[in-house]
file input.txt (compact mmCIF, C-alpha atoms)
# COMPACT_ATOMS: atom_id res chain seq x y z
CA MET A 1 18.19 6.88 6.33
CA ILE A 2 15.57 8.83 4.38
CA VAL A 3 12.54 9.75 6.48
CA VAL A 4 9.17 10.34 4.82
CA ALA A 5 6.81 12.48 6.90
CA GLY A 6 3.10 12.69 6.10
CA GLU A 7 -0.17 10.87 5.80
CA ALA A 8 -1.10 7.29 5.02
CA LEU A 9 -4.68 6.76 3.88
CA ILE A 10 -6.99 4.54 1.87
CA ASP A 11 -7.78 5.34 -1.77
CA LEU A 12 -11.19 4.12 -2.92
CA VAL A 13 -10.61 3.46 -6.62
CA PRO A 14 -13.56 3.03 -9.05
CA GLN A 15 -13.72 -0.23 -10.98
CA GLY A 16 -15.64 1.19 -13.93
CA THR A 17 -17.35 4.38 -15.01
CA GLY A 18 -20.18 6.40 -13.53
CA ALA A 19 -20.94 7.80 -10.11
CA LEU A 20 -22.02 4.43 -8.71
CA ALA A 21 -19.11 2.33 -9.97
CA ALA A 22 -17.84 -0.19 -7.43
CA LEU A 23 -14.99 1.14 -5.28
CA THR A 24 -11.97 -0.96 -4.34
CA PRO A 25 -9.83 0.09 -1.34
CA ALA A 26 -6.14 0.61 -2.06
CA LEU A 27 -3.30 1.66 0.23
CA GLY A 28 -2.27 5.23 -0.49
CA GLY A 29 -1.40 8.78 0.47
CA GLY A 30 1.42 10.70 -1.21
CA PRO A 31 3.97 10.30 1.61
CA PHE A 32 3.01 6.65 2.13
CA ASN A 33 3.53 5.93 -1.58
CA THR A 34 6.87 7.74 -1.50
CA ALA A 35 8.03 5.62 1.45
CA VAL A 36 6.96 2.39 -0.25
CA ALA A 37 8.72 3.42 -3.47
CA LEU A 38 11.93 4.25 -1.59
CA GLY A 39 11.82 0.91 0.18
CA ARG A 40 11.32 -0.96 -3.09
CA LEU A 41 14.25 0.90 -4.66
CA GLY A 42 16.46 -0.20 -1.78
CA SER A 43 16.95 3.03 0.19
CA PRO A 44 16.94 2.70 4.00
CA THR A 45 13.67 4.45 4.82
CA ALA A 46 11.55 5.35 7.85
CA PHE A 47 7.96 6.58 7.94
CA CYS A 48 6.98 9.40 10.32
CA SER A 49 3.23 9.76 10.65
CA ARG A 50 0.18 9.02 12.78
CA VAL A 51 -1.81 5.95 11.76
CA SER A 52 -5.12 4.56 12.95
CA ARG A 53 -5.40 1.33 14.92
CA ASP A 54 -8.28 0.25 12.68
CA ALA A 55 -8.00 -2.52 10.08
CA PHE A 56 -6.98 -0.05 7.36
CA GLY A 57 -4.22 1.32 9.58
CA GLU A 58 -2.89 -2.17 10.25
CA ALA A 59 -2.86 -2.88 6.51
CA LEU A 60 -0.94 0.34 5.82
CA LEU A 61 1.73 -0.50 8.39
CA GLU A 62 1.99 -4.07 7.14
CA ARG A 63 2.72 -2.86 3.61
CA LEU A 64 5.45 -0.58 4.93
CA ARG A 65 7.01 -3.42 6.92
CA GLU A 66 6.86 -5.74 3.91
CA THR A 67 8.75 -3.12 1.92
CA GLY A 68 11.47 -2.80 4.55
CA VAL A 69 10.38 0.63 5.80
CA ASP A 70 11.03 1.34 9.49
CA VAL A 71 7.70 2.17 11.18
CA ALA A 72 9.13 2.84 14.65
CA PRO A 73 8.49 6.63 14.30
CA VAL A 74 4.79 6.07 13.53
CA GLN A 75 2.33 7.36 16.13
CA ARG A 76 -0.96 5.50 16.60
CA GLY A 77 -4.52 6.64 17.34
CA ASP A 78 -8.00 5.19 17.78
CA GLU A 79 -9.52 7.60 15.25
CA PRO A 80 -10.43 6.18 11.79
CA THR A 81 -8.21 6.18 8.72
CA THR A 82 -8.64 8.99 6.18
CA LEU A 83 -10.42 7.97 2.96
CA ALA A 84 -9.77 9.42 -0.50
CA VAL A 85 -12.29 8.67 -3.25
CA ALA A 86 -10.59 8.67 -6.64
CA THR A 87 -12.20 9.59 -9.95
CA LEU A 88 -10.29 8.47 -13.04
CA GLY A 89 -10.25 10.51 -16.24
CA ALA A 90 -10.17 9.08 -19.76
CA ASP A 91 -6.37 9.50 -19.79
CA GLY A 92 -5.93 7.64 -16.49
CA SER A 93 -5.41 10.81 -14.44
CA ALA A 94 -6.93 10.80 -10.97
CA ALA A 95 -8.89 13.42 -9.03
CA TYR A 96 -9.84 12.99 -5.38
CA SER A 97 -12.44 13.86 -2.79
CA PHE A 98 -11.57 13.28 0.87
CA TYR A 99 -13.15 12.15 4.11
CA VAL A 100 -10.86 13.64 6.76
CA GLU A 101 -12.91 14.86 9.72
CA GLY A 102 -11.77 13.28 12.99
CA THR A 103 -9.23 10.99 11.34
CA ALA A 104 -6.03 9.72 12.92
CA ASP A 105 -3.37 11.16 10.63
CA ARG A 106 -4.33 14.82 11.08
CA LEU A 107 -3.58 14.61 14.84
CA PHE A 108 0.15 14.05 14.25
CA GLY A 109 2.44 15.60 16.87
CA LYS A 110 6.03 16.67 16.21
CA PRO A 111 8.47 14.00 17.44
CA GLU A 112 11.26 14.91 19.82
CA ALA A 113 13.88 13.69 17.36
CA LEU A 114 14.30 12.13 13.93
CA PRO A 115 15.69 8.58 13.65
CA ALA A 116 19.44 8.23 14.06
CA GLY A 117 21.30 8.59 10.80
CA THR A 118 18.62 10.64 9.05
CA ARG A 119 20.08 12.23 5.92
CA ALA A 120 16.91 13.55 4.32
CA VAL A 121 13.26 14.18 5.19
CA SER A 122 10.45 14.34 2.63
CA PHE A 123 7.18 16.25 3.17
CA GLY A 124 3.99 16.87 1.23
CA THR A 125 0.34 16.46 0.28
CA CYS A 126 -2.59 16.54 2.73
CA SER A 127 -0.43 16.46 5.85
CA LEU A 128 0.67 20.06 5.24
CA VAL A 129 -2.94 21.24 4.94
CA LEU A 130 -4.95 19.59 7.72
CA GLU A 131 -4.55 21.03 11.20
CA PRO A 132 -3.39 20.51 13.85
CA GLY A 133 -0.96 18.09 12.22
CA ALA A 134 0.02 20.55 9.46
CA SER A 135 1.67 22.89 11.95
CA ALA A 136 3.54 19.96 13.53
CA TYR A 137 4.88 18.84 10.15
CA GLU A 138 5.83 22.44 9.33
CA ALA A 139 7.75 22.71 12.61
CA LEU A 140 9.54 19.44 11.80
CA LEU A 141 10.48 20.76 8.35
CA ARG A 142 11.98 23.94 9.80
CA GLU A 143 13.78 22.07 12.57
CA ALA A 144 15.29 19.51 10.21
CA SER A 145 16.48 22.21 7.83
CA ALA A 146 18.01 24.23 10.68
CA ARG A 147 20.00 21.14 11.68
CA GLY A 148 21.40 20.76 8.16
CA VAL A 149 19.22 17.82 7.10
CA PHE A 150 18.33 17.69 3.40
CA THR A 151 14.61 18.43 2.99
CA ALA A 152 12.30 17.64 0.08
CA LEU A 153 8.84 19.09 -0.52
CA ASP A 154 6.08 17.98 -2.90
CA PRO A 155 3.02 20.21 -2.29
CA ASN A 156 0.86 17.79 -4.35
CA ILE A 157 -2.05 20.23 -4.23
CA ARG A 158 -5.49 18.90 -3.31
CA ALA A 159 -7.46 22.10 -3.81
CA GLY A 160 -10.66 20.70 -2.33
CA LEU A 161 -8.97 20.45 1.07
CA ILE A 162 -7.62 24.02 1.07
CA ALA A 163 -10.15 26.40 2.58
CA ASP A 164 -8.09 29.57 2.00
CA ALA A 165 -6.01 29.36 -1.17
CA ASP A 166 -4.19 32.65 -0.65
CA ALA A 167 -3.22 31.72 2.91
CA TYR A 168 -1.87 28.39 1.72
CA ARG A 169 0.13 30.04 -1.08
CA ALA A 170 1.68 32.42 1.45
CA ARG A 171 2.47 29.49 3.73
CA PHE A 172 4.10 27.65 0.81
CA ARG A 173 6.37 30.61 0.11
CA ASN A 174 7.34 30.71 3.79
CA TRP A 175 8.41 27.05 3.65
CA LEU A 176 10.85 27.58 0.78
CA PRO A 177 13.83 28.85 2.84
CA SER A 178 13.70 25.48 4.65
CA VAL A 179 13.45 23.35 1.49
CA SER A 180 16.43 21.76 -0.30
CA LEU A 181 14.55 20.10 -3.17
CA LEU A 182 11.14 21.27 -4.42
CA LYS A 183 9.31 18.83 -6.70
CA LEU A 184 5.90 19.67 -8.08
CA SER A 185 3.69 19.03 -11.08
CA ALA A 186 3.03 21.65 -13.73
CA GLU A 187 -0.57 21.78 -12.48
CA ASP A 188 0.60 22.43 -8.92
CA ALA A 189 2.97 25.13 -10.17
CA GLU A 190 0.14 26.89 -12.02
CA TRP A 191 -2.13 26.73 -8.96
CA LEU A 192 0.57 28.07 -6.62
CA GLY A 193 1.69 30.88 -8.90
CA GLY A 194 5.24 32.06 -9.32
CA SER A 195 8.03 30.38 -11.26
CA PRO A 196 10.93 27.99 -10.62
CA ARG A 197 13.37 30.90 -10.66
CA GLU A 198 11.35 32.78 -8.04
CA TRP A 199 11.19 29.67 -5.84
CA LEU A 200 14.92 29.02 -6.22
CA ALA A 201 15.68 32.55 -5.09
CA ALA A 202 13.78 31.81 -1.87
CA GLY A 203 15.90 28.83 -0.84
CA PRO A 204 15.80 25.45 -2.65
CA ALA A 205 18.93 24.09 -4.30
CA ALA A 206 16.80 22.70 -7.13
CA VAL A 207 13.23 22.67 -8.42
CA VAL A 208 11.91 19.74 -10.45
CA VAL A 209 8.68 20.20 -12.42
CA THR A 210 6.85 17.15 -13.79
CA ARG A 211 4.69 17.37 -16.90
CA GLY A 212 3.13 13.93 -17.10
CA GLY A 213 3.97 12.18 -20.35
CA ASP A 214 5.93 15.23 -21.50
CA GLY A 215 8.69 14.52 -18.97
CA LEU A 216 10.54 16.37 -16.23
CA THR A 217 12.58 19.56 -16.00
CA ALA A 218 15.06 20.49 -13.29
CA TYR A 219 16.03 24.08 -12.51
CA THR A 220 19.09 24.89 -10.40
CA ARG A 221 20.43 27.91 -8.54
CA ASP A 222 23.19 28.54 -11.09
CA GLY A 223 20.57 29.27 -13.77
CA ALA A 224 20.84 25.88 -15.49
CA GLU A 225 17.85 23.97 -16.82
CA TYR A 226 17.81 20.25 -17.58
CA ALA A 227 14.92 18.41 -19.25
CA VAL A 228 14.15 14.83 -20.26
CA PRO A 229 11.11 13.46 -22.09
CA GLY A 230 8.65 11.09 -20.49
CA GLU A 231 9.05 7.36 -21.06
CA ARG A 232 6.44 5.94 -23.43
CA VAL A 233 4.15 3.41 -21.79
CA VAL A 234 0.55 2.21 -21.97
CA VAL A 235 -1.04 4.12 -19.09
CA VAL A 236 -3.44 2.25 -16.80
CA ASP A 237 -3.68 5.15 -14.36
CA THR A 238 -1.38 7.83 -12.92
CA ILE A 239 -2.01 7.09 -9.22
CA GLY A 240 1.29 7.32 -7.36
CA ALA A 241 3.34 8.50 -10.35
CA GLY A 242 4.40 11.78 -8.77
CA ASP A 243 5.18 10.03 -5.49
CA THR A 244 7.38 7.60 -7.41
CA VAL A 245 9.24 10.56 -8.91
CA ASN A 246 9.86 11.87 -5.38
CA ALA A 247 11.29 8.56 -4.30
CA ALA A 248 13.41 8.12 -7.43
CA LEU A 249 14.93 11.58 -7.06
CA LEU A 250 15.78 11.03 -3.40
CA HIS A 251 17.10 7.52 -4.04
CA GLY A 252 19.21 8.71 -6.95
CA LEU A 253 20.65 11.61 -4.97
CA SER A 254 21.45 9.26 -2.09
CA GLU A 255 23.19 6.81 -4.43
CA ARG A 256 25.34 9.69 -5.67
CA ASP A 257 26.02 10.92 -2.11
CA ALA A 258 24.35 14.18 -3.18
CA LEU A 259 21.79 14.70 -0.39
CA SER A 260 23.06 18.21 0.27
CA ASP A 261 22.91 21.58 -1.42
CA GLU A 262 26.54 21.13 -2.43
CA GLY A 263 25.85 17.66 -3.81
CA VAL A 264 22.94 18.92 -5.88
CA ALA A 265 25.06 21.78 -7.23
CA ALA A 266 27.79 19.34 -8.29
CA LEU A 267 25.54 17.03 -10.36
CA GLY A 268 26.07 18.87 -13.63
CA ALA A 269 24.33 18.14 -16.93
CA GLU A 270 25.18 14.42 -17.10
CA GLY A 271 24.21 13.80 -13.48
CA TRP A 272 20.89 15.56 -13.82
CA GLU A 273 20.03 13.80 -17.09
CA ARG A 274 20.70 10.38 -15.55
CA LEU A 275 18.71 11.25 -12.43
CA LEU A 276 15.72 12.63 -14.33
CA ARG A 277 15.64 9.72 -16.76
CA PHE A 278 15.68 7.31 -13.83
CA ALA A 279 12.75 9.16 -12.25
CA ALA A 280 10.83 9.22 -15.54
CA ARG A 281 11.37 5.51 -16.03
CA ALA A 282 10.24 4.70 -12.47
CA ALA A 283 7.08 6.80 -12.88
CA ALA A 284 6.28 5.12 -16.19
CA VAL A 285 6.36 1.68 -14.55
CA THR A 286 3.92 2.94 -11.90
CA CYS A 287 1.60 4.29 -14.61
CA SER A 288 1.67 0.95 -16.42
CA ARG A 289 -0.26 -0.81 -13.64
CA ALA A 290 -3.34 -0.10 -11.57
CA GLY A 291 -3.04 1.89 -8.37
CA ALA A 292 0.07 3.14 -6.62
CA GLU A 293 2.41 0.22 -7.30
CA PRO A 294 5.90 1.69 -7.69
CA PRO A 295 8.69 -0.46 -9.13
CA TYR A 296 11.35 -2.48 -7.38
CA ALA A 297 14.98 -1.77 -8.27
CA HIS A 298 15.31 -4.97 -10.32
CA GLU A 299 12.29 -4.02 -12.43
CA LEU A 300 13.97 -0.81 -13.56
CA GLU A 301 17.02 -2.72 -14.68
CA ALA A 302 14.90 -5.01 -16.85
CA TRP A 303 12.09 -2.66 -17.87
CA LYS A 304 11.82 -1.58 -21.48
CA PRO A 305 9.66 1.35 -22.67
CA ALA A 306 6.72 0.76 -24.99

call {"tool": "encode", "arguments": {"input": "input.txt", "output": "structure tokens"}}
result
Amino acid sequence: MIVVAGEALIDLVPQGTGALAALTPALGGGPFNTAVALGRLGSPTAFCSRVSRDAFGEALLERLRETGVDVAPVQRGDEPTTLAVATLGADGSAAYSFYVEGTADRLFGKPEALPAGTRAVSFGTCSLVLEPGASAYEALLREASARGVFTALDPNIRAGLIADADAYRARFRNWLPSVSLLKLSAEDAEWLGGSPREWLAAGPAAVVVTRGGDGLTAYTRDGAEYAVPGERVVVVDTIGAGDTVNAALLHGLSERDALSDEGVAALGAEGWERLLRFAARAAAVTCSRAGAEPPYAHELEAWKPA
């Protein structure tokens, strides 16, 4: 079982250009997208969050159920669902503004226990910023790591939500001793400061940096560096691409029985190349269609790059 901990929200995606373009609601949130992607790839997955009882919340849970994700750990609340308004660039990249005051997901409380059979827990995005839930997720991260559970972190920086950048950067560094796999974009890495080697020295077994169409690079504790190019595809938008990478990495590690520091260390050059290419291919499929629609396992077997 891979548990994904974090927010589920509604993306409002513009259907055209200009400030007054029509907005279409889409199911989203970095952790939510990661859980859906894991389910579609075939990994036993559970979602650990707090979700509204409103119509949006019901739709979010229904998508998870349809994908085979266990929603038993999900807490519920009467508060509204968080909204994220997307703005798409000419290259399909997305920027967001958020409506988060008084919403259900930020009131998450740390559960007494993780689901039975949990092998890994994934964290990231808004849930690690918005209090009081952020402190509960942080406590869950530290507790899981202390118990020997493999932990993954994707900071997925949303700068507009971070009131004190320096305080968040310090908090990020304090998480690293409890992190097994750190995945982040090149933009996130620049915003956070530091380098993969510095982060590795603090705790993670591996750091994976994504560079959009330029591909992915993995850095490991033994000083090795493995890189693959991005898969060529006609990009519709990049919504959910990084979340798909998260899921593909975790799924691939699980398939190789490598959800441990020792397993990561044993991958070697061939193992890392196969894993990174799989993640790049999965992300490319997501970019080839509108919104966060990660691929199913059978699509990756049949998919051909542009």

call {"tool": "closest_residue", "arguments": {"input": "input.txt", "among": "A:Val208, A:Val234, A:Val149, A:Leu276", "to": "A:Ala290", "atoms": "only C-alpha atoms"}}
result
A:Val234

call {"tool": "closest_residue", "arguments": {"input": "input.txt", "among": "A:Gln75, A:Thr34, A:Thr45, A:Ser97", "to": "A:Ala283", "atoms": "only C-alpha atoms"}}
result
A:Thr34

call {"tool": "atom_distance", "arguments": {"input": "input.txt", "atom1": "atom CA of A:Asp70", "atom2": "atom CA of A:Trp272"}}
result
29.0 Å

call {"tool": "atom_distance", "arguments": {"input": "input.txt", "atom1": "atom CA of A:Val209", "atom2": "atom CA of A:Ser195"}}
result
10.3 Å

call {"tool": "axis_aligned_box", "arguments": {"input": "input.txt", "around": "stretch 34-48 of chain A", "padding_each_side": "3 Å", "output": "lines of an AutoDock Vina configuration file"}}
result
center_x = 11.9
center_y = 4.2
center_z = 2.8
size_x = 16.1
size_y = 16.4
size_z = 21.0

call {"tool": "closest_residue", "arguments": {"input": "input.txt", "among": "A:Met1, A:Glu143, A:Cys126, A:Val36", "to": "A:Tyr168", "atoms": "all atoms listed in the file"}}
result
A:Cys126

call {"tool": "closest_residue", "arguments": {"input": "input.txt", "among": "A:Glu270, A:Phe108, A:Gly29, A:Gly252", "to": "A:Arg158", "atoms": "all atoms listed in the file"}}
result
A:Gly29

call {"tool": "atom_distance", "arguments": {"input": "input.txt", "atom1": "atom CA of A:Ala227", "atom2": "atom CA of A:Leu253"}}
result
16.8 Å

call {"tool": "closest_residue", "arguments": {"input": "input.txt", "among": "A:Ser254, A:Thr286, A:Ser260, A:Thr87", "to": "A:Gly16", "atoms": "all atoms listed in the file"}}
result
A:Thr87

call {"tool": "closest_residue", "arguments": {"input": "input.txt", "among": "A:Thr238, A:Ser43, A:Asn156, A:Ser49", "to": "A:Tyr137", "atoms": "only C-alpha atoms"}}
result
A:Ser49

call {"tool": "residues_around", "arguments": {"input": "input.txt", "residues": "stretch 212-216 of chain A", "least_positions_apart": "4", "cutoff": "12 Å", "atoms": "all atoms listed in the file", "output": "VMD selection string"}}
result
chain A and resid 91 to 93 183 to 187 207 to 208 225 to 235 237 to 242 245 to 246 249 272 to 284 287
